[in-house]
Amino acid sequence: MLEDYLKANLASWDEAVGVHVGSQLYDVEGFKQGRCSLSDIEISELGPSVHEGTSLLHLQCHFGLDTLSWARRGAVVTGVDFSGEGIETARALADEVGLTARASFVRSDVLALPDVLQGSFDVVFSSWGALIWLGDLERWAQVVAHFLKPGGTFYLAEFHPYAYLLADDAAPDSLRIGYPYFQYGRPQRFDEEDDYADREARMEHTVTFEWNHGFAEILDPLLHNGLRLEFLHEFPHTIVGLPFPFLEVCDDGLQRVKGHHDDFPLSFSLKMTKEG
Amino acid sequence: MTDPIPEEARAANLRLWNAWTRVHEKSAYYDVERFKAGATSLHPLELEELGPFVRPGTTLLHLQCHFGMDTLSWARAGADVVGLDLSDESIELARKLADEVGLSRRAEFVCADLYDADAHLGSRLFDVVFVSWGAIEWLPDLERWAGIVARHLVPGGTFYMAEIHPFAGSLDEVPGEHDVRVGYPLLPAPEHPEVDAIQGSYADRSADTTGLVAYGWTHDLAEILGALTGAGLRVEHLHEFPTSPAPFWDWMIQDEARWWWLPDGKGGLRRDLPLSYSVRASKPAT
């Protein structure tokens with residue numbers, strides 16, 4: 001079953017790469033001209049830990065824009081994604097912007113990474129819509145800990161578990177709940193024709209399987225694998241990327257819940273340090 | 001340091017908790033007689049998760065202890081306990097109960113506002129600091145709260161809390177349905193307490209509480225964990241549960257383990273939403 005889920009998700013992501021590369025949301029042309037693809041949250045919170053020569057492992061890197069943005073800020077980066085299309089595109093981009101000397105990309109399921117990648121890193125990084133593609137965060141936390149140097153930093157900026165809960169017809173005066181916080185390992189099946197980065201796109205591979213994860217499910221395995229919590233932050237806004245009808249994009253370019261600009265969290269970030 | 005609780009909030013909450021003490025002493029929910037007969041008032045969850053850290057002679061500080069049944073239950077489990085609560089009627093009842101069950105030698109009760117704890121406890125240190133169910137919603141400032149926790153723990157000591165989940169605190173009934181929706185803010189606003197007219201009590205919905213008002217504050221997990229880590233504590237676990245130790249609405253369902261559940265609308269129990277959580281944290285030994 002798990003293999004069927006991954007197969008469907010892989011087909012969807014392989015197809016999405018082509019759409020995303022041409023999309024306004026990802027703005028690859030702007031990136032080539034020097035635009036940083038990282039959000040203000042990541043730059044202000046993880047930026048101070050990334051110096052010239054910092055080794056950084058980016059888990060679930062898609063086609064590498066964020067990975068390469070960290071490389072531009074001085075890091076020596078390794079990006080990992082299960083999509084072969086994503087990894088090929090990332091390598092081509094690295095070549096085009098002259099970062100191949102400090103950026104390498106590995107095609108692998110994140111949970112199988114210790115089988116194909118050696119070494120350890122100063123920083124392990126993951127962001128925005130990564131965790132919903134993982135059914136097993138116990139194994140994921142082991143992978144994070146495995147690749148961190150003692151004293152190294154794990155940083156995650158993600159969509160909030162609450163952001164996935166509201167019903168499609170949630171209204172400002174009635175925030176009804178349509179989806180689970182706890183899934184107990186069972187994925188939800190979605191069948192969507194369009195794409196979050198291009199609402200006009202009509203995809204061939206429309207079926208995906210996704211897992212929402214609560215805070216305990218995310219944090220507890222990391223704590224048990226020797227990581228110490230430095231901070232957890234929650235934000236009432238997020239980067240554009242969630243395709244839900246009850247959200248709106250505000251003047252500052254961030255998404256918020258309609259009628260709840262200050263009181264409904266849509267993203268979170270956490271920073272942890274590996275003991276030793 | 002200025003008091004983070006506005007005077008009118010402190011007065012209202014004190015009046016409420018004194019009134020609730022009189023209701024709760026006689027309530028089936030608290031079942032004082034059962035406690036007097038020897039039963040623990042602690043929830044199986046607290047016994048499972050904190051129990052291994054409480055041995056004969058363990059010193060335990062219970063913050064916001066109400067009338068002390070849980071405090072005294074830890075004393076029965078072997079701990080030397082101090083309970084602290086703002087309600088003078090609660091503390092009076094706690095002392096009376098301690099006397100009645102023969103635990104006054106190992107149980108001390110302090111009547112004080114949480115934020116005045118340092119003045120009352122001085123430099124006393126405890127092996128365990130314990131907080132549970134419906135405590136932090138009465139506090140506007142969690143950084144100061146966590147500072148108190150950390151200052152009164154021995155190096156290597158254990159902090160444990162079991163609480164109503166912030167998500168559950170935001171839930172509201174969908175009118176006319178046994179269903180819930182998000183009806184209250186999910187993010188903290190320290191300057192803007194929720195002011196609610198009280199109807200009954202979580203322990204007795206029919207109690208007469210005419211004229212009583214509660215001032216409460218919203219907290220999120222980031223704020224709670226941030227306060228603890230900021231005070232120098234190391235978070236050891238975060239657990240979340242789809243159950244609550246008390247019903248929020250009379251259509252919730254209780255199981256044999258004393259947990260309350262939301263119904264799933266199909267004759268079963270709803271397991272998809274977080275209603276409570278627990279945190280264990282330790283104070284570094286050096």
# chains A, B, ... in the order shown; residues from 1 in each chain; ligands from 1
>>> closest_atom_pairs(of="stretch 179-276 of chain A", to="stretch 211-223 of chain B", cutoff="10 Å", atoms="only C-alpha atoms", output="CSV")
residue,atom,partner,partner_atom,distance
A:Phe215,CA,B:Leu221,CA,8.4
A:Phe231,CA,B:Ala222,CA,7.6
A:Leu232,CA,B:Ala222,CA,5.0
A:His233,CA,B:Ala222,CA,5.1
A:Glu234,CA,B:Ala222,CA,6.0
A:Phe235,CA,B:Ala222,CA,9.6
A:Pro265,CA,B:Asp220,CA,9.4
A:Phe268,CA,B:Ala222,CA,8.5
A:Ser269,CA,B:Ala222,CA,9.3
A:Leu270,CA,B:Ala222,CA,9.1
>>> interface_residues(of="chain A", to="chain B", cutoff="7 Å", atoms="only C-alpha atoms", output="list of chain:residue names")
A:Ser174, A:Leu175, A:Arg176, A:Ile177, A:Pro180, A:Tyr181, A:Phe182, A:Gln183, A:Ala216, A:Asp220, A:Leu223, A:Arg228, A:Leu229, A:Glu230, A:Phe231, A:Leu232, A:His233, A:Glu234, A:Asp263, A:Phe264, A:Pro265
>>> write_last_selection(atoms="N, CA and C atoms", output="PDB file, in the first residue's frame")
ATOM      1  N   SER A 174     -17.780  31.049  10.456  1.00  0.00           N
ATOM      2  CA  SER A 174     -18.009  29.646  10.809  1.00  0.00           C
ATOM      3  C   SER A 174     -16.872  28.785  10.263  1.00  0.00           C
ATOM      4  N   LEU A 175     -15.810  28.701  11.067  1.00  0.00           N
ATOM      5  CA  LEU A 175     -14.623  27.955  10.643  1.00  0.00           C
ATOM      6  C   LEU A 175     -14.853  26.470  10.915  1.00  0.00           C
ATOM      7  N   ARG A 176     -15.601  25.856  10.003  1.00  0.00           N
ATOM      8  CA  ARG A 176     -15.914  24.436  10.179  1.00  0.00           C
ATOM      9  C   ARG A 176     -14.690  23.594   9.871  1.00  0.00           C
ATOM     10  N   ILE A 177     -14.681  22.403  10.469  1.00  0.00           N
ATOM     11  CA  ILE A 177     -13.528  21.516  10.346  1.00  0.00           C
ATOM     12  C   ILE A 177     -13.865  20.408   9.361  1.00  0.00           C
ATOM     13  N   PRO A 180      -8.667  15.928   9.244  1.00  0.00           N
ATOM     14  CA  PRO A 180      -8.141  15.519  10.558  1.00  0.00           C
ATOM     15  C   PRO A 180      -6.814  16.176  10.951  1.00  0.00           C
ATOM     16  N   TYR A 181      -6.613  16.290  12.264  1.00  0.00           N
ATOM     17  CA  TYR A 181      -5.320  16.659  12.846  1.00  0.00           C
ATOM     18  C   TYR A 181      -4.514  15.376  13.103  1.00  0.00           C
ATOM     19  N   PHE A 182      -5.185  14.389  13.675  1.00  0.00           N
ATOM     20  CA  PHE A 182      -4.565  13.066  13.869  1.00  0.00           C
ATOM     21  C   PHE A 182      -5.005  12.145  12.732  1.00  0.00           C
ATOM     22  N   GLN A 183      -4.054  11.492  12.067  1.00  0.00           N
ATOM     23  CA  GLN A 183      -4.414  10.550  11.009  1.00  0.00           C
ATOM     24  C   GLN A 183      -3.994   9.127  11.290  1.00  0.00           C
ATOM     25  N   ALA A 216       2.813  16.973  18.241  1.00  0.00           N
ATOM     26  CA  ALA A 216       3.459  15.911  19.006  1.00  0.00           C
ATOM     27  C   ALA A 216       4.096  14.893  18.062  1.00  0.00           C
ATOM     28  N   ASP A 220       7.958  14.989  18.921  1.00  0.00           N
ATOM     29  CA  ASP A 220       8.362  13.936  19.856  1.00  0.00           C
ATOM     30  C   ASP A 220       9.473  13.029  19.315  1.00  0.00           C
ATOM     31  N   LEU A 223      12.772  14.826  19.527  1.00  0.00           N
ATOM     32  CA  LEU A 223      13.264  14.888  20.908  1.00  0.00           C
ATOM     33  C   LEU A 223      13.887  13.556  21.311  1.00  0.00           C
ATOM     34  N   ARG A 228      17.550  18.777  20.814  1.00  0.00           N
ATOM     35  CA  ARG A 228      17.019  19.648  21.864  1.00  0.00           C
ATOM     36  C   ARG A 228      16.257  20.798  21.221  1.00  0.00           C
ATOM     37  N   LEU A 229      15.052  21.053  21.713  1.00  0.00           N
ATOM     38  CA  LEU A 229      14.231  22.127  21.138  1.00  0.00           C
ATOM     39  C   LEU A 229      14.798  23.491  21.524  1.00  0.00           C
ATOM     40  N   GLU A 230      15.064  24.324  20.521  1.00  0.00           N
ATOM     41  CA  GLU A 230      15.510  25.702  20.779  1.00  0.00           C
ATOM     42  C   GLU A 230      14.317  26.643  20.731  1.00  0.00           C
ATOM     43  N   PHE A 231      13.490  26.499  19.701  1.00  0.00           N
ATOM     44  CA  PHE A 231      12.236  27.265  19.689  1.00  0.00           C
ATOM     45  C   PHE A 231      11.225  26.624  18.746  1.00  0.00           C
ATOM     46  N   LEU A 232       9.970  26.930  19.036  1.00  0.00           N
ATOM     47  CA  LEU A 232       8.858  26.633  18.135  1.00  0.00           C
ATOM     48  C   LEU A 232       8.099  27.946  17.987  1.00  0.00           C
ATOM     49  N   HIS A 233       7.883  28.389  16.763  1.00  0.00           N
ATOM     50  CA  HIS A 233       7.142  29.630  16.532  1.00  0.00           C
ATOM     51  C   HIS A 233       5.898  29.336  15.689  1.00  0.00           C
ATOM     52  N   GLU A 234       4.823  30.036  15.960  1.00  0.00           N
ATOM     53  CA  GLU A 234       3.604  29.903  15.158  1.00  0.00           C
ATOM     54  C   GLU A 234       3.259  31.273  14.575  1.00  0.00           C
ATOM     55  N   ASP A 263      -5.473  35.707  14.193  1.00  0.00           N
ATOM     56  CA  ASP A 263      -5.706  34.724  15.255  1.00  0.00           C
ATOM     57  C   ASP A 263      -5.740  33.271  14.798  1.00  0.00           C
ATOM     58  N   PHE A 264      -5.485  33.014  13.516  1.00  0.00           N
ATOM     59  CA  PHE A 264      -5.487  31.618  13.067  1.00  0.00           C
ATOM     60  C   PHE A 264      -4.107  31.278  12.496  1.00  0.00           C
ATOM     61  N   PRO A 265      -3.360  30.375  13.154  1.00  0.00           N
ATOM     62  CA  PRO A 265      -1.998  30.088  12.692  1.00  0.00           C
ATOM     63  C   PRO A 265      -1.982  29.271  11.407  1.00  0.00           C
TER      64      PRO A 265
END
>>> residues_around(residues="stretch 152-155 of chain B", least_positions_apart="6", cutoff="9 Å", atoms="only C-alpha atoms", output="list in words")
Leu61, Asp118, Leu121, Gly122, Ser123, Arg124, Leu125, Phe126, Asp127, Val128, Val129, Ser282, Lys283, Pro284, Ala285 and Thr286 of chain B
>>> write_last_selection(atoms="N, CA, C and O atoms", output="compact mmCIF listing (two decimals), in the first residue's frame")
# COMPACT_ATOMS: atom_id res chain seq x y z
N LEU B 61 6.08 20.28 43.96
CA LEU B 61 5.34 21.54 44.03
C LEU B 61 4.21 21.51 43.01
O LEU B 61 4.45 21.30 41.83
N ASP B 118 7.22 33.24 44.18
CA ASP B 118 8.60 33.40 44.67
C ASP B 118 8.61 33.97 46.10
O ASP B 118 9.39 33.54 46.94
N LEU B 121 7.57 31.10 48.41
CA LEU B 121 8.38 29.87 48.42
C LEU B 121 9.86 30.16 48.67
O LEU B 121 10.63 29.24 48.96
N GLY B 122 10.25 31.43 48.58
CA GLY B 122 11.65 31.79 48.81
C GLY B 122 12.56 31.02 47.87
O GLY B 122 12.30 30.93 46.67
N SER B 123 13.58 30.41 48.43
CA SER B 123 14.55 29.69 47.60
C SER B 123 14.30 28.18 47.62
O SER B 123 15.18 27.40 47.27
N ARG B 124 13.12 27.78 48.03
CA ARG B 124 12.84 26.33 48.12
C ARG B 124 12.87 25.69 46.75
O ARG B 124 12.33 26.20 45.79
N LEU B 125 13.50 24.52 46.69
CA LEU B 125 13.62 23.77 45.43
C LEU B 125 12.87 22.44 45.56
O LEU B 125 12.80 21.86 46.64
N PHE B 126 12.35 21.98 44.42
CA PHE B 126 11.56 20.75 44.41
C PHE B 126 12.08 19.81 43.33
O PHE B 126 12.60 20.26 42.31
N ASP B 127 11.91 18.51 43.58
CA ASP B 127 12.31 17.51 42.57
C ASP B 127 11.36 17.57 41.37
O ASP B 127 11.76 17.30 40.24
N VAL B 128 10.10 17.87 41.66
CA VAL B 128 9.07 17.86 40.62
C VAL B 128 8.21 19.11 40.76
O VAL B 128 7.82 19.48 41.87
N VAL B 129 7.92 19.76 39.64
CA VAL B 129 6.87 20.79 39.61
C VAL B 129 5.77 20.27 38.70
O VAL B 129 6.03 19.80 37.58
N SER B 282 12.87 18.90 31.65
CA SER B 282 13.79 18.73 32.77
C SER B 282 14.67 19.96 32.90
O SER B 282 14.90 20.69 31.94
N LYS B 283 15.13 20.19 34.12
CA LYS B 283 16.08 21.27 34.34
C LYS B 283 17.48 20.67 34.24
O LYS B 283 17.77 19.68 34.91
N PRO B 284 18.33 21.21 33.36
CA PRO B 284 19.67 20.63 33.20
C PRO B 284 20.39 20.50 34.54
O PRO B 284 20.24 21.35 35.42
N ALA B 285 21.15 19.42 34.69
CA ALA B 285 21.78 19.10 35.97
C ALA B 285 22.90 20.07 36.32
O ALA B 285 23.24 20.23 37.49
N THR B 286 23.48 20.71 35.31
CA THR B 286 24.58 21.63 35.64
C THR B 286 24.23 23.05 35.21
O THR B 286 23.56 23.24 34.23
>>> select_by_dssp(residues="stretch 74-274 of chain B", states="strand (DSSP E)", output="ChimeraX atom specification")
/B:80-85,107-111,126-132,153-164,171-173,180-182,194-197,213-216,234-241,253-254,260-263,269-270
>>> atom_distance(atom1="atom CA of A:Ala201", atom2="atom CA of A:Glu85")
17.8 Å
>>> select_by_dssp(residues="stretch 62-157 of chain A", states="alpha helix (DSSP H)", output="number ranges by chain")
A: 65-72, 84-96, 137-147
>>> residues_around(residues="B:Ala98", least_positions_apart="2", cutoff="12 Å", atoms="only C-alpha atoms", output="NGL selection string")
:B and (32 or 35-36 or 67-76 or 81-83 or 91-96 or 100-109)
>>> atom_distance(atom1="atom CA of B:Thr59", atom2="atom CA of B:Asp31")
26.0 Å
>>> residues_around(residues="A:Asp4", least_positions_apart="5", cutoff="12 Å", atoms="only C-alpha atoms", output="ChimeraX atom specification")
/A:9-11,187,189,207-209
>>> decode(residues="stretch 243-275 of chain B", atoms="N, CA, C and O atoms", output="PDB file, in the first residue's frame")
ATOM      1  N   THR B 243      -8.768  13.367  23.517  1.00  0.00           N
ATOM      2  CA  THR B 243      -9.677  13.213  24.654  1.00  0.00           C
ATOM      3  C   THR B 243      -9.430  14.309  25.677  1.00  0.00           C
ATOM      4  O   THR B 243      -8.363  14.912  25.711  1.00  0.00           O
ATOM      5  N   SER B 244     -10.421  14.524  26.542  1.00  0.00           N
ATOM      6  CA  SER B 244     -10.322  15.528  27.594  1.00  0.00           C
ATOM      7  C   SER B 244     -10.723  14.898  28.927  1.00  0.00           C
ATOM      8  O   SER B 244     -11.560  13.990  28.953  1.00  0.00           O
ATOM      9  N   PRO B 245     -10.171  15.382  30.046  1.00  0.00           N
ATOM     10  CA  PRO B 245     -10.575  14.831  31.346  1.00  0.00           C
ATOM     11  C   PRO B 245     -11.913  15.386  31.823  1.00  0.00           C
ATOM     12  O   PRO B 245     -12.471  14.878  32.796  1.00  0.00           O
ATOM     13  N   ALA B 246     -12.429  16.426  31.160  1.00  0.00           N
ATOM     14  CA  ALA B 246     -13.723  16.998  31.540  1.00  0.00           C
ATOM     15  C   ALA B 246     -14.501  17.306  30.266  1.00  0.00           C
ATOM     16  O   ALA B 246     -13.900  17.589  29.231  1.00  0.00           O
ATOM     17  N   PRO B 247     -15.836  17.244  30.323  1.00  0.00           N
ATOM     18  CA  PRO B 247     -16.622  17.533  29.121  1.00  0.00           C
ATOM     19  C   PRO B 247     -16.718  19.031  28.871  1.00  0.00           C
ATOM     20  O   PRO B 247     -16.836  19.810  29.803  1.00  0.00           O
ATOM     21  N   PHE B 248     -16.643  19.434  27.604  1.00  0.00           N
ATOM     22  CA  PHE B 248     -16.873  20.845  27.254  1.00  0.00           C
ATOM     23  C   PHE B 248     -18.358  21.090  26.991  1.00  0.00           C
ATOM     24  O   PHE B 248     -18.838  22.202  27.130  1.00  0.00           O
ATOM     25  N   TRP B 249     -19.046  20.058  26.526  1.00  0.00           N
ATOM     26  CA  TRP B 249     -20.485  20.140  26.261  1.00  0.00           C
ATOM     27  C   TRP B 249     -21.138  18.870  26.787  1.00  0.00           C
ATOM     28  O   TRP B 249     -20.485  17.830  26.894  1.00  0.00           O
ATOM     29  N   ASP B 250     -22.443  18.964  27.083  1.00  0.00           N
ATOM     30  CA  ASP B 250     -23.081  17.807  27.735  1.00  0.00           C
ATOM     31  C   ASP B 250     -23.312  16.648  26.767  1.00  0.00           C
ATOM     32  O   ASP B 250     -23.702  15.574  27.184  1.00  0.00           O
ATOM     33  N   TRP B 251     -23.044  16.861  25.477  1.00  0.00           N
ATOM     34  CA  TRP B 251     -23.195  15.768  24.517  1.00  0.00           C
ATOM     35  C   TRP B 251     -21.884  15.021  24.259  1.00  0.00           C
ATOM     36  O   TRP B 251     -21.804  14.161  23.389  1.00  0.00           O
ATOM     37  N   MET B 252     -20.832  15.351  25.017  1.00  0.00           N
ATOM     38  CA  MET B 252     -19.607  14.554  24.896  1.00  0.00           C
ATOM     39  C   MET B 252     -19.799  13.204  25.617  1.00  0.00           C
ATOM     40  O   MET B 252     -20.729  13.031  26.399  1.00  0.00           O
ATOM     41  N   ILE B 253     -18.933  12.264  25.310  1.00  0.00           N
ATOM     42  CA  ILE B 253     -19.116  10.885  25.780  1.00  0.00           C
ATOM     43  C   ILE B 253     -17.925  10.475  26.655  1.00  0.00           C
ATOM     44  O   ILE B 253     -16.771  10.651  26.253  1.00  0.00           O
ATOM     45  N   GLN B 254     -18.210   9.911  27.857  1.00  0.00           N
ATOM     46  CA  GLN B 254     -17.127   9.472  28.743  1.00  0.00           C
ATOM     47  C   GLN B 254     -16.861   7.980  28.578  1.00  0.00           C
ATOM     48  O   GLN B 254     -17.791   7.183  28.456  1.00  0.00           O
ATOM     49  N   ASP B 255     -15.580   7.615  28.575  1.00  0.00           N
ATOM     50  CA  ASP B 255     -15.240   6.181  28.490  1.00  0.00           C
ATOM     51  C   ASP B 255     -14.873   5.644  29.879  1.00  0.00           C
ATOM     52  O   ASP B 255     -14.907   6.364  30.875  1.00  0.00           O
ATOM     53  N   GLU B 256     -14.523   4.370  29.929  1.00  0.00           N
ATOM     54  CA  GLU B 256     -14.262   3.742  31.221  1.00  0.00           C
ATOM     55  C   GLU B 256     -12.990   4.254  31.874  1.00  0.00           C
ATOM     56  O   GLU B 256     -12.808   4.133  33.081  1.00  0.00           O
ATOM     57  N   ALA B 257     -12.085   4.821  31.073  1.00  0.00           N
ATOM     58  CA  ALA B 257     -10.829   5.347  31.607  1.00  0.00           C
ATOM     59  C   ALA B 257     -10.960   6.813  32.005  1.00  0.00           C
ATOM     60  O   ALA B 257      -9.961   7.504  32.174  1.00  0.00           O
ATOM     61  N   ARG B 258     -12.194   7.319  32.113  1.00  0.00           N
ATOM     62  CA  ARG B 258     -12.490   8.685  32.570  1.00  0.00           C
ATOM     63  C   ARG B 258     -12.138   9.751  31.544  1.00  0.00           C
ATOM     64  O   ARG B 258     -12.076  10.922  31.867  1.00  0.00           O
ATOM     65  N   TRP B 259     -11.884   9.365  30.299  1.00  0.00           N
ATOM     66  CA  TRP B 259     -11.675  10.358  29.245  1.00  0.00           C
ATOM     67  C   TRP B 259     -13.011  10.743  28.623  1.00  0.00           C
ATOM     68  O   TRP B 259     -13.876   9.898  28.427  1.00  0.00           O
ATOM     69  N   TRP B 260     -13.127  12.018  28.241  1.00  0.00           N
ATOM     70  CA  TRP B 260     -14.300  12.484  27.497  1.00  0.00           C
ATOM     71  C   TRP B 260     -13.939  12.643  26.031  1.00  0.00           C
ATOM     72  O   TRP B 260     -12.877  13.159  25.694  1.00  0.00           O
ATOM     73  N   TRP B 261     -14.863  12.211  25.162  1.00  0.00           N
ATOM     74  CA  TRP B 261     -14.652  12.231  23.712  1.00  0.00           C
ATOM     75  C   TRP B 261     -15.729  13.063  23.023  1.00  0.00           C
ATOM     76  O   TRP B 261     -16.858  13.150  23.496  1.00  0.00           O
ATOM     77  N   LEU B 262     -15.382  13.600  21.852  1.00  0.00           N
ATOM     78  CA  LEU B 262     -16.399  14.130  20.953  1.00  0.00           C
ATOM     79  C   LEU B 262     -17.013  12.955  20.205  1.00  0.00           C
ATOM     80  O   LEU B 262     -16.300  12.020  19.836  1.00  0.00           O
ATOM     81  N   PRO B 263     -18.333  12.982  19.981  1.00  0.00           N
ATOM     82  CA  PRO B 263     -18.936  11.930  19.155  1.00  0.00           C
ATOM     83  C   PRO B 263     -18.609  12.153  17.682  1.00  0.00           C
ATOM     84  O   PRO B 263     -18.389  13.285  17.263  1.00  0.00           O
ATOM     85  N   ASP B 264     -18.556  11.074  16.909  1.00  0.00           N
ATOM     86  CA  ASP B 264     -18.203  11.226  15.483  1.00  0.00           C
ATOM     87  C   ASP B 264     -19.429  11.394  14.587  1.00  0.00           C
ATOM     88  O   ASP B 264     -19.302  11.466  13.367  1.00  0.00           O
ATOM     89  N   GLY B 265     -20.631  11.440  15.203  1.00  0.00           N
ATOM     90  CA  GLY B 265     -21.850  11.631  14.423  1.00  0.00           C
ATOM     91  C   GLY B 265     -22.357  10.347  13.793  1.00  0.00           C
ATOM     92  O   GLY B 265     -23.384  10.331  13.123  1.00  0.00           O
ATOM     93  N   LYS B 266     -21.590   9.242  13.982  1.00  0.00           N
ATOM     94  CA  LYS B 266     -22.005   7.960  13.404  1.00  0.00           C
ATOM     95  C   LYS B 266     -22.085   6.891  14.488  1.00  0.00           C
ATOM     96  O   LYS B 266     -21.902   5.704  14.227  1.00  0.00           O
ATOM     97  N   GLY B 267     -22.284   7.356  15.720  1.00  0.00           N
ATOM     98  CA  GLY B 267     -22.400   6.421  16.836  1.00  0.00           C
ATOM     99  C   GLY B 267     -21.072   6.058  17.476  1.00  0.00           C
ATOM    100  O   GLY B 267     -21.033   5.287  18.433  1.00  0.00           O
ATOM    101  N   GLY B 268     -19.977   6.600  16.944  1.00  0.00           N
ATOM    102  CA  GLY B 268     -18.656   6.285  17.497  1.00  0.00           C
ATOM    103  C   GLY B 268     -17.989   7.508  18.116  1.00  0.00           C
ATOM    104  O   GLY B 268     -18.613   8.548  18.324  1.00  0.00           O
ATOM    105  N   LEU B 269     -16.703   7.356  18.395  1.00  0.00           N
ATOM    106  CA  LEU B 269     -15.930   8.425  19.032  1.00  0.00           C
ATOM    107  C   LEU B 269     -15.047   9.108  17.996  1.00  0.00           C
ATOM    108  O   LEU B 269     -14.486   8.462  17.116  1.00  0.00           O
ATOM    109  N   ARG B 270     -14.924  10.403  18.127  1.00  0.00           N
ATOM    110  CA  ARG B 270     -14.146  11.182  17.181  1.00  0.00           C
ATOM    111  C   ARG B 270     -12.683  11.238  17.636  1.00  0.00           C
ATOM    112  O   ARG B 270     -12.379  11.737  18.715  1.00  0.00           O
ATOM    113  N   ARG B 271     -11.785  10.758  16.776  1.00  0.00           N
ATOM    114  CA  ARG B 271     -10.379  10.630  17.171  1.00  0.00           C
ATOM    115  C   ARG B 271      -9.453  11.584  16.445  1.00  0.00           C
ATOM    116  O   ARG B 271      -8.243  11.487  16.568  1.00  0.00           O
ATOM    117  N   ASP B 272     -10.011  12.511  15.659  1.00  0.00           N
ATOM    118  CA  ASP B 272      -9.166  13.271  14.739  1.00  0.00           C
ATOM    119  C   ASP B 272      -8.724  14.645  15.243  1.00  0.00           C
ATOM    120  O   ASP B 272      -7.941  15.304  14.580  1.00  0.00           O
ATOM    121  N   LEU B 273      -9.226  15.074  16.403  1.00  0.00           N
ATOM    122  CA  LEU B 273      -8.895  16.428  16.863  1.00  0.00           C
ATOM    123  C   LEU B 273      -8.198  16.393  18.223  1.00  0.00           C
ATOM    124  O   LEU B 273      -8.542  15.587  19.084  1.00  0.00           O
ATOM    125  N   PRO B 274      -7.231  17.294  18.442  1.00  0.00           N
ATOM    126  CA  PRO B 274      -6.502  17.301  19.719  1.00  0.00           C
ATOM    127  C   PRO B 274      -7.294  18.028  20.805  1.00  0.00           C
ATOM    128  O   PRO B 274      -7.641  19.199  20.642  1.00  0.00           O
ATOM    129  N   LEU B 275      -7.575  17.344  21.910  1.00  0.00           N
ATOM    130  CA  LEU B 275      -8.314  17.971  23.011  1.00  0.00           C
ATOM    131  C   LEU B 275      -7.449  18.171  24.248  1.00  0.00           C
ATOM    132  O   LEU B 275      -7.791  18.956  25.123  1.00  0.00           O
TER     133      LEU B 275
END
